[in-house]
file entry-v8.tsv (TSV, C-alpha atoms)
chain	number	residue	atom	x	y	z
Y	1	MET	CA	0.00	0.00	0.00
Y	2	LYS	CA	2.87	2.38	0.78
Y	3	LYS	CA	4.29	1.80	-2.70
Y	4	ILE	CA	0.92	2.56	-4.29
Y	5	ALA	CA	0.54	5.72	-2.21
Y	6	LEU	CA	4.04	6.83	-3.14
Y	7	PHE	CA	3.29	6.14	-6.81
Y	8	ILE	CA	0.14	8.30	-6.63
Y	9	VAL	CA	2.04	11.12	-4.91
Y	10	LEU	CA	4.70	11.05	-7.61
Y	11	LEU	CA	2.09	11.08	-10.38
Y	12	LEU	CA	-0.03	13.86	-8.87
Y	13	PRO	CA	2.14	16.79	-10.07
Y	14	LEU	CA	2.16	15.33	-13.58
Y	15	PHE	CA	-1.64	15.01	-13.51
Y	16	VAL	CA	-2.05	18.61	-12.31
Y	17	GLN	CA	0.35	19.81	-14.99
Y	18	ALA	CA	-1.54	17.90	-17.69
Y	19	GLN	CA	-4.85	19.32	-16.48
Y	20	SER	CA	-3.36	22.81	-16.51
Y	21	LYS	CA	-2.19	22.39	-20.08
Y	22	GLN	CA	-5.58	21.04	-21.09
Y	23	ASN	CA	-7.33	24.02	-19.50
Y	24	LYS	CA	-5.00	26.39	-21.30
Y	25	LYS	CA	-5.87	24.76	-24.61
Y	26	LYS	CA	-9.55	25.38	-23.96
Y	27	GLY	CA	-8.91	29.11	-23.75
Y	28	PRO	CA	-10.85	31.67	-21.72
Y	29	SER	CA	-14.54	31.25	-20.97
Y	30	THR	CA	-15.21	34.98	-20.61
Y	31	TYR	CA	-14.72	37.73	-23.15
Y	32	ASP	CA	-15.32	41.42	-23.56
Y	33	LEU	CA	-17.80	42.49	-26.21
Y	34	VAL	CA	-16.89	45.93	-27.58
Y	35	ILE	CA	-19.90	47.63	-29.19
Y	36	GLY	CA	-19.70	50.44	-31.74
Y	37	THR	CA	-22.83	52.54	-32.25
Y	38	TYR	CA	-24.41	55.46	-34.03
Y	39	THR	CA	-24.94	58.32	-31.58
Y	40	THR	CA	-27.94	59.83	-33.38
Y	41	GLY	CA	-30.26	58.04	-30.91
Y	42	THR	CA	-29.85	57.08	-27.27
Y	43	SER	CA	-26.25	55.86	-27.50
Y	44	LYS	CA	-23.46	58.25	-26.58
Y	45	GLY	CA	-20.39	56.25	-27.66
Y	46	ILE	CA	-18.69	52.87	-27.24
Y	47	ALA	CA	-19.88	50.28	-24.72
Y	48	VAL	CA	-18.19	47.18	-23.29
Y	49	TYR	CA	-20.03	44.15	-21.90
Y	50	ARG	CA	-18.67	40.96	-20.34
Y	51	PHE	CA	-19.68	37.87	-22.33
Y	52	TYR	CA	-19.88	34.46	-20.63
Y	53	ALA	CA	-19.21	31.71	-23.16
Y	54	GLU	CA	-20.66	28.94	-20.98
Y	55	ASN	CA	-24.20	30.35	-21.18
Y	56	GLY	CA	-24.18	33.21	-23.71
Y	57	ARG	CA	-25.05	35.88	-21.15
Y	58	LEU	CA	-23.91	39.52	-21.15
Y	59	ALA	CA	-23.19	41.87	-18.25
Y	60	TYR	CA	-22.45	45.59	-18.45
Y	61	LEU	CA	-18.86	46.69	-17.78
Y	62	SER	CA	-18.31	50.23	-19.02
Y	63	GLN	CA	-18.88	52.84	-21.67
Y	64	ILE	CA	-17.14	55.93	-22.94
Y	65	ASP	CA	-19.33	58.87	-23.91
Y	66	GLY	CA	-18.78	61.81	-26.21
Y	67	VAL	CA	-17.54	59.65	-29.10
Y	68	VAL	CA	-19.54	60.66	-32.15
Y	69	ASN	CA	-20.76	57.86	-34.44
Y	70	PRO	CA	-18.16	55.18	-33.67
Y	71	SER	CA	-19.84	53.02	-36.31
Y	72	TYR	CA	-16.88	50.67	-36.74
Y	73	VAL	CA	-14.33	49.72	-34.11
Y	74	THR	CA	-11.34	47.40	-33.98
Y	75	VAL	CA	-9.13	46.17	-31.14
Y	76	SER	CA	-5.35	45.90	-31.44
Y	77	ALA	CA	-3.81	42.42	-31.50
Y	78	ASP	CA	-2.36	42.93	-28.00
Y	79	ASN	CA	-5.87	43.89	-26.74
Y	80	LYS	CA	-4.55	47.14	-25.23
Y	81	PHE	CA	-6.07	49.68	-27.60
Y	82	ILE	CA	-9.36	50.37	-29.36
Y	83	TYR	CA	-9.58	52.32	-32.61
Y	84	ALA	CA	-12.85	53.72	-33.92
Y	85	VAL	CA	-13.98	55.68	-36.93
Y	86	ASN	CA	-16.11	58.75	-36.34
Y	87	GLU	CA	-18.54	58.58	-39.25
Y	88	LEU	CA	-18.95	62.28	-40.08
Y	89	PRO	CA	-18.84	64.41	-43.25
Y	90	LYS	CA	-15.45	65.61	-42.03
Y	91	GLY	CA	-14.29	62.17	-40.98
Y	92	GLU	CA	-12.17	61.43	-37.93
Y	93	VAL	CA	-10.56	58.42	-36.28
Y	94	SER	CA	-10.20	58.03	-32.49
Y	95	SER	CA	-7.86	55.95	-30.33
Y	96	PHE	CA	-8.43	54.67	-26.79
Y	97	SER	CA	-6.44	52.73	-24.25
Y	98	PHE	CA	-8.26	49.57	-23.18
Y	99	GLU	CA	-8.06	47.37	-20.09
Y	100	ALA	CA	-9.62	44.02	-20.96
Y	101	LYS	CA	-9.91	42.90	-17.31
Y	102	THR	CA	-12.23	45.75	-16.36
Y	103	GLY	CA	-13.45	46.93	-19.75
Y	104	LYS	CA	-12.21	50.43	-18.98
Y	105	MET	CA	-11.48	52.75	-21.92
Y	106	GLN	CA	-9.64	56.06	-21.93
Y	107	PHE	CA	-9.50	58.50	-24.83
Y	108	ILE	CA	-6.00	59.12	-26.27
Y	109	ASN	CA	-6.38	61.23	-29.40
Y	110	LYS	CA	-8.05	61.59	-32.77
Y	111	GLN	CA	-7.01	62.50	-36.27
Y	112	SER	CA	-8.68	63.43	-39.54
Y	113	SER	CA	-9.53	60.39	-41.66
Y	114	LEU	CA	-8.62	62.52	-44.71
Y	115	GLY	CA	-12.03	61.77	-46.16
Y	116	ALA	CA	-15.78	61.83	-45.61
Y	117	ASP	CA	-17.86	59.39	-43.56
Y	118	PRO	CA	-15.25	56.74	-42.64
Y	119	CYS	CA	-17.05	53.42	-42.13
Y	120	TYR	CA	-14.29	50.83	-41.56
Y	121	ILE	CA	-10.93	50.58	-39.82
Y	122	ALA	CA	-8.35	47.78	-39.61
Y	123	VAL	CA	-5.03	47.70	-37.74
Y	124	ASP	CA	-2.00	45.53	-38.52
Y	125	LYS	CA	-0.80	42.97	-35.97
Y	126	ALA	CA	2.27	45.00	-35.06
Y	127	ARG	CA	0.04	48.03	-34.30
Y	128	LYS	CA	2.02	50.29	-36.60
Y	129	ASN	CA	-0.65	51.23	-39.15
Y	130	ALA	CA	-4.39	51.79	-39.40
Y	131	PHE	CA	-6.32	51.48	-42.66
Y	132	ILE	CA	-9.49	53.54	-42.98
Y	133	ALA	CA	-12.22	53.28	-45.65
Y	134	ASN	CA	-13.90	56.65	-46.26
Y	135	TYR	CA	-17.29	55.80	-47.73
Y	136	SER	CA	-18.65	59.07	-49.13
Y	137	SER	CA	-15.38	60.40	-50.55
Y	138	GLY	CA	-14.31	56.97	-51.80
Y	139	GLN	CA	-10.69	56.78	-50.65
Y	140	VAL	CA	-8.65	54.62	-48.29
Y	141	THR	CA	-6.24	56.25	-45.84
Y	142	VAL	CA	-3.11	54.74	-44.31
Y	143	MET	CA	-2.48	56.19	-40.84
Y	144	PRO	CA	0.62	55.36	-38.75
Y	145	ILE	CA	0.18	54.45	-35.09
Y	146	ASN	CA	2.66	55.68	-32.47
Y	147	LYS	CA	4.23	53.41	-29.84
Y	148	ASP	CA	1.91	54.80	-27.15
Y	149	GLY	CA	-1.12	53.78	-29.21
Y	150	SER	CA	-1.96	57.27	-30.41
Y	151	LEU	CA	-2.72	57.97	-34.05
Y	152	ALA	CA	-0.38	60.03	-36.25
Y	153	ASN	CA	-1.35	62.02	-39.33
Y	154	GLY	CA	-2.32	59.95	-42.36
Y	155	VAL	CA	0.57	59.36	-44.77
Y	156	GLU	CA	-1.26	58.24	-47.90
Y	157	THR	CA	-4.68	58.04	-49.50
Y	158	VAL	CA	-5.65	55.99	-52.54
Y	159	LYS	CA	-8.77	56.39	-54.65
Y	160	ASN	CA	-9.98	54.76	-57.83
Y	161	ASP	CA	-12.51	56.76	-59.84
Y	162	GLY	CA	-15.46	55.21	-61.60
Y	163	THR	CA	-19.22	54.71	-61.49
Y	164	GLY	CA	-21.77	51.90	-61.57
Y	165	PRO	CA	-25.20	51.36	-63.13
Y	166	ASN	CA	-27.10	52.43	-59.99
Y	167	LYS	CA	-27.16	56.20	-60.46
Y	168	GLU	CA	-28.29	56.90	-56.88
Y	169	ARG	CA	-25.75	54.70	-55.10
Y	170	GLN	CA	-22.93	54.43	-57.64
Y	171	GLU	CA	-22.41	57.97	-58.91
Y	172	GLY	CA	-18.77	57.66	-57.82
Y	173	PRO	CA	-16.41	55.51	-55.72
Y	174	HIS	CA	-17.52	54.45	-52.22
Y	175	ALA	CA	-14.86	52.60	-50.22
Y	176	HIS	CA	-16.70	50.29	-47.83
Y	177	MET	CA	-13.96	48.13	-46.31
Y	178	SER	CA	-10.17	48.18	-46.01
Y	179	ILE	CA	-8.69	44.89	-44.88
Y	180	LEU	CA	-5.24	43.31	-44.72
Y	181	SER	CA	-4.54	39.94	-46.31
Y	182	PRO	CA	-3.81	37.17	-43.76
Y	183	ASP	CA	-0.04	37.56	-44.30
Y	184	GLU	CA	-0.39	41.37	-44.21
Y	185	LYS	CA	1.45	41.75	-47.52
Y	186	TYR	CA	-1.61	43.24	-49.24
Y	187	VAL	CA	-4.42	45.66	-48.53
Y	188	LEU	CA	-7.77	44.90	-50.14
Y	189	TYR	CA	-10.59	47.42	-50.25
Y	190	ASN	CA	-14.13	47.01	-51.49
Y	191	ASP	CA	-15.59	49.79	-53.60
Y	192	LEU	CA	-19.39	49.76	-53.58
Y	193	GLY	CA	-19.52	52.57	-56.12
Y	194	THR	CA	-17.47	50.90	-58.85
Y	195	ASP	CA	-18.22	47.19	-58.21
Y	196	LYS	CA	-14.56	46.35	-57.62
Y	197	ILE	CA	-12.22	44.87	-55.05
Y	198	HIS	CA	-8.95	46.81	-55.23
Y	199	ILE	CA	-5.74	45.11	-54.16
Y	200	TYR	CA	-2.50	46.92	-53.22
Y	201	ARG	CA	0.89	45.65	-52.20
Y	202	PHE	CA	1.59	46.93	-48.66
Y	203	ARG	CA	5.07	48.00	-47.55
Y	204	SER	CA	5.05	49.15	-43.93
Y	205	GLY	CA	7.21	52.15	-43.04
Y	206	LYS	CA	7.38	53.60	-46.55
Y	207	SER	CA	6.21	57.14	-47.33
Y	208	SER	CA	3.89	55.62	-49.95
Y	209	PRO	CA	3.14	52.18	-48.49
Y	210	LEU	CA	0.51	51.10	-51.04
Y	211	THR	CA	1.84	50.08	-54.47
Y	212	ASP	CA	1.18	47.85	-57.50
Y	213	PRO	CA	-2.61	48.19	-57.66
Y	214	THR	CA	-4.80	45.54	-59.27
Y	215	SER	CA	-8.54	44.91	-59.07
Y	216	VAL	CA	-11.28	42.31	-59.49
Y	217	SER	CA	-14.77	43.21	-60.72
Y	218	VAL	CA	-18.13	41.78	-59.68
Y	219	THR	CA	-21.51	41.93	-61.43
Y	220	PRO	CA	-22.38	45.58	-62.23
Y	221	GLY	CA	-24.74	47.02	-59.63
Y	222	ASP	CA	-23.98	44.42	-56.93
Y	223	GLY	CA	-22.08	46.86	-54.67
Y	224	PRO	CA	-19.20	45.11	-52.80
Y	225	ARG	CA	-19.43	45.63	-49.04
Y	226	HIS	CA	-17.48	43.30	-46.70
Y	227	LEU	CA	-14.92	40.52	-47.14
Y	228	ASP	CA	-13.72	37.64	-44.95
Y	229	PHE	CA	-10.94	35.07	-45.37
Y	230	SER	CA	-11.24	31.35	-44.59
Y	231	PRO	CA	-9.12	30.11	-41.65
Y	232	ASP	CA	-6.88	28.18	-44.06
Y	233	LYS	CA	-6.32	31.44	-46.02
Y	234	LYS	CA	-7.13	29.73	-49.33
Y	235	HIS	CA	-10.48	31.42	-49.94
Y	236	ALA	CA	-12.06	34.85	-49.63
Y	237	TYR	CA	-15.78	35.54	-49.34
Y	238	LEU	CA	-17.42	38.82	-50.39
Y	239	ILE	CA	-20.91	40.02	-49.52
Y	240	THR	CA	-22.54	42.60	-51.79
Y	241	GLU	CA	-24.91	45.20	-50.43
Y	242	MET	CA	-27.23	45.93	-53.34
Y	243	GLY	CA	-27.14	42.56	-55.06
Y	244	SER	CA	-27.36	40.59	-51.78
Y	245	ASN	CA	-24.96	37.95	-53.08
Y	246	VAL	CA	-21.97	36.11	-51.65
Y	247	TYR	CA	-18.96	35.66	-53.96
Y	248	VAL	CA	-16.46	32.87	-53.37
Y	249	PHE	CA	-12.87	33.44	-54.50
Y	250	ASP	CA	-9.77	31.31	-54.47
Y	251	TYR	CA	-7.04	33.42	-52.86
Y	252	ASP	CA	-3.29	33.16	-53.47
Y	253	ASN	CA	-0.63	35.78	-52.79
Y	254	GLY	CA	-2.70	38.88	-53.51
Y	255	LYS	CA	-4.74	37.32	-56.33
Y	256	LEU	CA	-8.47	36.56	-56.31
Y	257	LYS	CA	-10.12	34.09	-58.69
Y	258	GLN	CA	-13.91	33.94	-58.63
Y	259	LYS	CA	-15.44	30.45	-58.48
Y	260	GLN	CA	-19.00	30.79	-57.15
Y	261	THR	CA	-21.80	33.30	-56.56
Y	262	ILE	CA	-24.72	32.41	-54.29
Y	263	THR	CA	-27.73	34.56	-53.35
Y	264	LEU	CA	-28.82	35.61	-49.87
Y	265	LEU	CA	-32.44	35.85	-50.98
Y	266	PRO	CA	-35.27	33.33	-50.76
Y	267	GLU	CA	-36.64	32.13	-54.08
Y	268	GLY	CA	-39.02	34.61	-55.69
Y	269	PHE	CA	-38.22	37.48	-53.29
Y	270	LYS	CA	-38.92	40.90	-54.87
Y	271	GLY	CA	-38.70	43.29	-51.92
Y	272	GLN	CA	-36.00	45.68	-50.73
Y	273	THR	CA	-32.80	44.13	-49.46
Y	274	ALA	CA	-29.27	45.07	-48.41
Y	275	GLY	CA	-26.47	42.63	-47.61
Y	276	ALA	CA	-24.40	43.69	-44.61
Y	277	ALA	CA	-21.95	41.55	-42.60
Y	278	ILE	CA	-20.15	38.29	-43.36
Y	279	HIS	CA	-18.22	36.03	-40.96
Y	280	ILE	CA	-16.88	32.47	-40.89
Y	281	SER	CA	-17.16	30.15	-37.88
Y	282	PRO	CA	-13.92	29.51	-35.93
Y	283	ASN	CA	-13.88	25.88	-37.14
Y	284	GLY	CA	-14.05	27.07	-40.77
Y	285	LYS	CA	-17.06	24.88	-41.56
Y	286	PHE	CA	-19.81	27.49	-41.87
Y	287	LEU	CA	-20.32	30.98	-43.27
Y	288	TYR	CA	-22.87	33.43	-41.89
Y	289	ALA	CA	-24.22	36.58	-43.57
Y	290	SER	CA	-26.74	39.25	-42.58
Y	291	ASN	CA	-29.35	40.83	-44.85
Y	292	ARG	CA	-31.40	43.93	-44.07
Y	293	LEU	CA	-34.37	46.15	-45.05
Y	294	GLU	CA	-37.36	43.85	-45.73
Y	295	THR	CA	-35.49	40.61	-44.99
Y	296	ASN	CA	-33.75	41.10	-41.60
Y	297	GLU	CA	-32.17	37.67	-41.58
Y	298	ILE	CA	-29.02	35.74	-40.82
Y	299	ILE	CA	-28.28	33.25	-43.61
Y	300	VAL	CA	-26.15	30.16	-42.95
Y	301	TYR	CA	-24.06	28.25	-45.50
Y	302	ALA	CA	-21.92	25.14	-45.20
Y	303	ILE	CA	-18.38	25.47	-46.60
Y	304	ASN	CA	-16.99	22.63	-48.70
Y	305	GLN	CA	-13.67	21.94	-47.01
Y	306	GLU	CA	-11.96	21.01	-50.28
Y	307	THR	CA	-13.31	23.61	-52.72
Y	308	GLY	CA	-14.45	26.40	-50.41
Y	309	GLU	CA	-17.82	26.53	-52.18
Y	310	LEU	CA	-21.06	27.19	-50.30
Y	311	THR	CA	-24.29	25.25	-49.79
Y	312	PHE	CA	-27.37	26.86	-48.24
Y	313	VAL	CA	-28.25	25.62	-44.74
Y	314	GLN	CA	-30.70	28.01	-43.06
Y	315	ARG	CA	-32.23	31.45	-42.90
Y	316	GLN	CA	-33.12	32.81	-39.46
Y	317	SER	CA	-34.83	36.04	-38.44
Y	318	SER	CA	-32.46	38.45	-36.72
Y	319	MET	CA	-35.28	39.16	-34.23
Y	320	GLY	CA	-35.03	42.86	-35.03
Y	321	LYS	CA	-34.63	45.51	-37.70
Y	322	ASN	CA	-31.51	46.16	-39.78
Y	323	PRO	CA	-28.95	43.54	-38.64
Y	324	ARG	CA	-26.00	45.71	-39.58
Y	325	ASP	CA	-23.37	43.51	-37.94
Y	326	PHE	CA	-23.02	40.31	-35.97
Y	327	ALA	CA	-20.19	38.45	-34.26
Y	328	ILE	CA	-19.39	34.81	-33.51
Y	329	ASP	CA	-17.81	34.29	-30.10
Y	330	PRO	CA	-14.31	32.73	-30.18
Y	331	THR	CA	-15.59	29.38	-28.85
Y	332	GLY	CA	-17.93	29.10	-31.84
Y	333	LYS	CA	-20.93	28.40	-29.61
Y	334	PHE	CA	-22.84	31.67	-29.95
Y	335	LEU	CA	-23.69	34.29	-32.56
Y	336	LEU	CA	-24.69	37.80	-31.48
Y	337	VAL	CA	-26.64	40.07	-33.84
Y	338	ALA	CA	-26.68	43.88	-33.67
Y	339	ASN	CA	-30.07	45.16	-34.89
Y	340	GLN	CA	-29.37	48.82	-35.57
Y	341	ASN	CA	-32.93	50.10	-36.05
Y	342	SER	CA	-34.52	48.24	-33.13
Y	343	ASP	CA	-31.82	49.09	-30.55
Y	344	SER	CA	-31.11	45.47	-29.69
Y	345	ILE	CA	-28.54	42.70	-29.64
Y	346	PHE	CA	-29.88	39.13	-29.71
Y	347	VAL	CA	-27.90	36.04	-28.74
Y	348	PHE	CA	-28.23	32.85	-30.83
Y	349	ARG	CA	-26.82	29.42	-30.07
Y	350	ILE	CA	-24.82	27.68	-32.83
Y	351	ASP	CA	-25.10	23.96	-33.48
Y	352	GLN	CA	-21.45	23.26	-34.29
Y	353	THR	CA	-22.33	20.09	-36.19
Y	354	THR	CA	-24.96	21.52	-38.54
Y	355	GLY	CA	-24.12	25.24	-38.33
Y	356	ARG	CA	-27.76	26.10	-37.66
Y	357	ILE	CA	-28.57	28.87	-35.19
Y	358	SER	CA	-31.44	29.20	-32.72
Y	359	PRO	CA	-32.49	32.04	-30.39
Y	360	THR	CA	-31.47	31.69	-26.75
Y	361	GLY	CA	-34.08	34.21	-25.65
Y	362	PHE	CA	-31.44	36.62	-24.36
Y	363	LYS	CA	-31.78	40.21	-25.58
Y	364	LEU	CA	-29.63	43.24	-24.78
Y	365	GLU	CA	-31.19	46.67	-25.27
Y	366	ILE	CA	-28.70	49.28	-26.49
Y	367	GLY	CA	-29.03	52.30	-28.77
Y	368	ASN	CA	-28.18	51.81	-32.46
Y	369	PRO	CA	-25.60	48.99	-32.21
Y	370	VAL	CA	-23.69	48.61	-35.49
Y	371	CYS	CA	-20.36	46.87	-34.74
Y	372	LEU	CA	-19.45	43.98	-32.43
Y	373	LYS	CA	-15.93	42.83	-31.50
Y	374	PHE	CA	-14.90	40.07	-29.06
Y	375	VAL	CA	-11.77	40.39	-26.90
Y	376	PRO	CA	-10.39	37.83	-24.41
Y	377	ALA	CA	-11.00	39.06	-20.85
Y	378	GLU	CA	-7.62	38.98	-19.10
call {"tool": "encode", "arguments": {"input": "entry-v8.tsv", "output": "structure tokens"}}
result
Amino acid sequence: MKKIALFIVLLLPLFVQAQSKQNKKKGPSTYDLVIGTYTTGTSKGIAVYRFYAENGRLAYLSQIDGVVNPSYVTVSADNKFIYAVNELPKGEVSSFSFEAKTGKMQFINKQSSLGADPCYIAVDKARKNAFIANYSSGQVTVMPINKDGSLANGVETVKNDGTGPNKERQEGPHAHMSILSPDEKYVLYNDLGTDKIHIYRFRSGKSSPLTDPTSVSVTPGDGPRHLDFSPDKKHAYLITEMGSNVYVFDYDNGKLKQKQTITLLPEGFKGQTAGAAIHISPNGKFLYASNRLETNEIIVYAINQETGELTFVQRQSSMGKNPRDFAIDPTGKFLLVANQNSDSIFVFRIDQTTGRISPTGFKLEIGNPVCLKFVPAE
């Protein structure tokens, strides 16, 4: 018996160590949800809620007021800073320090976006550059970031002139998204006004960091909006606003090759529609897209793991009006939808086998939510 007891004592540290490693692999069970809003209603800025991945519940942490129309936000890779556009005719971009443990934000500075109505911002992993899409004026701005997290003056803007067949929406260029390729060697931006995805070689630290432009066109009048890459980096998926389509591209070293187009709409639908957000599940098996106006749905597709092509799975009401954005929590168990025009965020549970979503019954009331970002809670 003494030998057995001694054996157990010797094994105990190894068991504890193994359990510790296993727990680390599982990752955190709580996250911060950073919420960007329009401040034309009851919202006054950016809010942060604690999200509990074991049950999909949310609890208020903090907010920062006096931030005008932070309609798109992003969090730096080190989770220490938040960057937000201020969607105004004379566009601005704001920076904030961020403490993930408490959700506390503190304003640092803001700069001109060098354009009108900025609607998207991305930051590179090294936190050296921000990339801003100015919707109304149609250009993309590259803005250096200082070591303390503050924003410097923009160093370059790029703009590609042109029009589209929709005279009301496509009278000129409208940059809707500026995103880095997975290896951060390229910047891609979607131009709703000219029906193109523009691709630039990115060279950090240069006075003119964007070079060697190329582009890919979609069906005239479709209006490119947002883009997402597959986890294996082999495919890119584009949602179009006016056409309400999803385009599937093969992606390789800054080159896009179209291979499929699939509609967001139910058969025979003739009403008003507007594609909005597009995201892929953490396991890479399913793609989700939101559609607005008279549809107000989340559409689910299965992703063929060999070809990247899509197959329709489900359409689900967003439980509100104008699902401008949504986010999938890092565990892949829940999907949260921001309904801009009904001042609500609804939580849906994801079946990780089928990809289907179902309402949990949990609803958060918040003014004009339009952007959702998850951050690990330290």
call {"tool": "residues_around", "arguments": {"input": "entry-v8.tsv", "residues": "stretch 40-47 of chain Y", "least_positions_apart": "4", "cutoff": "9 Å", "atoms": "all atoms listed in the file", "output": "PyMOL selection string"}}
result
chain Y and resi 33-36+60-70+73+84+103+105+343+366-369
call {"tool": "write_last_selection", "arguments": {"input": "entry-v8.tsv", "atoms": "C-alpha atoms", "output": "compact mmCIF listing (two decimals), keeping the file's coordinate frame"}}
result
# COMPACT_ATOMS: atom_id res chain seq x y z
CA LEU Y 33 -17.80 42.49 -26.21
CA VAL Y 34 -16.89 45.93 -27.58
CA ILE Y 35 -19.90 47.63 -29.19
CA GLY Y 36 -19.70 50.44 -31.74
CA TYR Y 60 -22.45 45.59 -18.45
CA LEU Y 61 -18.86 46.69 -17.78
CA SER Y 62 -18.31 50.23 -19.02
CA GLN Y 63 -18.88 52.84 -21.67
CA ILE Y 64 -17.14 55.93 -22.94
CA ASP Y 65 -19.33 58.87 -23.91
CA GLY Y 66 -18.78 61.81 -26.21
CA VAL Y 67 -17.54 59.65 -29.10
CA VAL Y 68 -19.54 60.66 -32.15
CA ASN Y 69 -20.76 57.86 -34.44
CA PRO Y 70 -18.16 55.18 -33.67
CA VAL Y 73 -14.33 49.72 -34.11
CA ALA Y 84 -12.85 53.72 -33.92
CA GLY Y 103 -13.45 46.93 -19.75
CA MET Y 105 -11.48 52.75 -21.92
CA ASP Y 343 -31.82 49.09 -30.55
CA ILE Y 366 -28.70 49.28 -26.49
CA GLY Y 367 -29.03 52.30 -28.77
CA ASN Y 368 -28.18 51.81 -32.46
CA PRO Y 369 -25.60 48.99 -32.21
call {"tool": "residues_around", "arguments": {"input": "entry-v8.tsv", "residues": "Y:Ser208", "least_positions_apart": "6", "cutoff": "9 Å", "atoms": "only C-alpha atoms", "output": "short mmCIF file (atom, residue, chain, number, x, y, z; two decimals) with C-alpha atoms, keeping the file's coordinate frame"}}
result
data_model
loop_
_atom_site.label_atom_id
_atom_site.label_comp_id
_atom_site.auth_asym_id
_atom_site.auth_seq_id
_atom_site.Cartn_x
_atom_site.Cartn_y
_atom_site.Cartn_z
CA VAL Y 155 0.57 59.36 -44.77
CA GLU Y 156 -1.26 58.24 -47.90
CA THR Y 157 -4.68 58.04 -49.50
#
call {"tool": "residues_around", "arguments": {"input": "entry-v8.tsv", "residues": "stretch 234-247 of chain Y", "least_positions_apart": "5", "cutoff": "8 Å", "atoms": "only C-alpha atoms", "output": "JSON, numbers by chain"}}
result
{"Y": [192, 221, 222, 223, 224, 225, 226, 227, 228, 229, 252, 256, 258, 259, 260, 261, 262, 263, 264, 265, 273, 274, 275, 276, 277, 278, 289, 291, 308]}
call {"tool": "write_last_selection", "arguments": {"input": "entry-v8.tsv", "atoms": "C-alpha atoms", "output": "PDB file, keeping the file's coordinate frame"}}
result
ATOM      1  CA  LEU Y 192     -19.390  49.760 -53.580  1.00  0.00           C
ATOM      2  CA  GLY Y 221     -24.740  47.020 -59.630  1.00  0.00           C
ATOM      3  CA  ASP Y 222     -23.980  44.420 -56.930  1.00  0.00           C
ATOM      4  CA  GLY Y 223     -22.080  46.860 -54.670  1.00  0.00           C
ATOM      5  CA  PRO Y 224     -19.200  45.110 -52.800  1.00  0.00           C
ATOM      6  CA  ARG Y 225     -19.430  45.630 -49.040  1.00  0.00           C
ATOM      7  CA  HIS Y 226     -17.480  43.300 -46.700  1.00  0.00           C
ATOM      8  CA  LEU Y 227     -14.920  40.520 -47.140  1.00  0.00           C
ATOM      9  CA  ASP Y 228     -13.720  37.640 -44.950  1.00  0.00           C
ATOM     10  CA  PHE Y 229     -10.940  35.070 -45.370  1.00  0.00           C
ATOM     11  CA  ASP Y 252      -3.290  33.160 -53.470  1.00  0.00           C
ATOM     12  CA  LEU Y 256      -8.470  36.560 -56.310  1.00  0.00           C
ATOM     13  CA  GLN Y 258     -13.910  33.940 -58.630  1.00  0.00           C
ATOM     14  CA  LYS Y 259     -15.440  30.450 -58.480  1.00  0.00           C
ATOM     15  CA  GLN Y 260     -19.000  30.790 -57.150  1.00  0.00           C
ATOM     16  CA  THR Y 261     -21.800  33.300 -56.560  1.00  0.00           C
ATOM     17  CA  ILE Y 262     -24.720  32.410 -54.290  1.00  0.00           C
ATOM     18  CA  THR Y 263     -27.730  34.560 -53.350  1.00  0.00           C
ATOM     19  CA  LEU Y 264     -28.820  35.610 -49.870  1.00  0.00           C
ATOM     20  CA  LEU Y 265     -32.440  35.850 -50.980  1.00  0.00           C
ATOM     21  CA  THR Y 273     -32.800  44.130 -49.460  1.00  0.00           C
ATOM     22  CA  ALA Y 274     -29.270  45.070 -48.410  1.00  0.00           C
ATOM     23  CA  GLY Y 275     -26.470  42.630 -47.610  1.00  0.00           C
ATOM     24  CA  ALA Y 276     -24.400  43.690 -44.610  1.00  0.00           C
ATOM     25  CA  ALA Y 277     -21.950  41.550 -42.600  1.00  0.00           C
ATOM     26  CA  ILE Y 278     -20.150  38.290 -43.360  1.00  0.00           C
ATOM     27  CA  ALA Y 289     -24.220  36.580 -43.570  1.00  0.00           C
ATOM     28  CA  ASN Y 291     -29.350  40.830 -44.850  1.00  0.00           C
ATOM     29  CA  GLY Y 308     -14.450  26.400 -50.410  1.00  0.00           C
TER      30      GLY Y 308
END
call {"tool": "residues_near_point", "arguments": {"input": "entry-v8.tsv", "point": "(-3.5, 45.1, -38.6)", "cutoff": "9 Å", "atoms": "only C-alpha atoms", "output": "list in words"}}
result
Ser76, Ala77, Ala122, Val123, Asp124, Lys125, Ala126, Arg127, Lys128, Asn129, Ala130, Phe131, Ile179, Leu180 and Glu184 of chain Y
call {"tool": "residues_near_point", "arguments": {"input": "entry-v8.tsv", "point": "(-10.1, 57.9, -45.2)", "cutoff": "7 Å", "atoms": "only C-alpha atoms", "output": "ChimeraX atom specification"}}
result
/Y:113-116,118,132-134,139-141,157
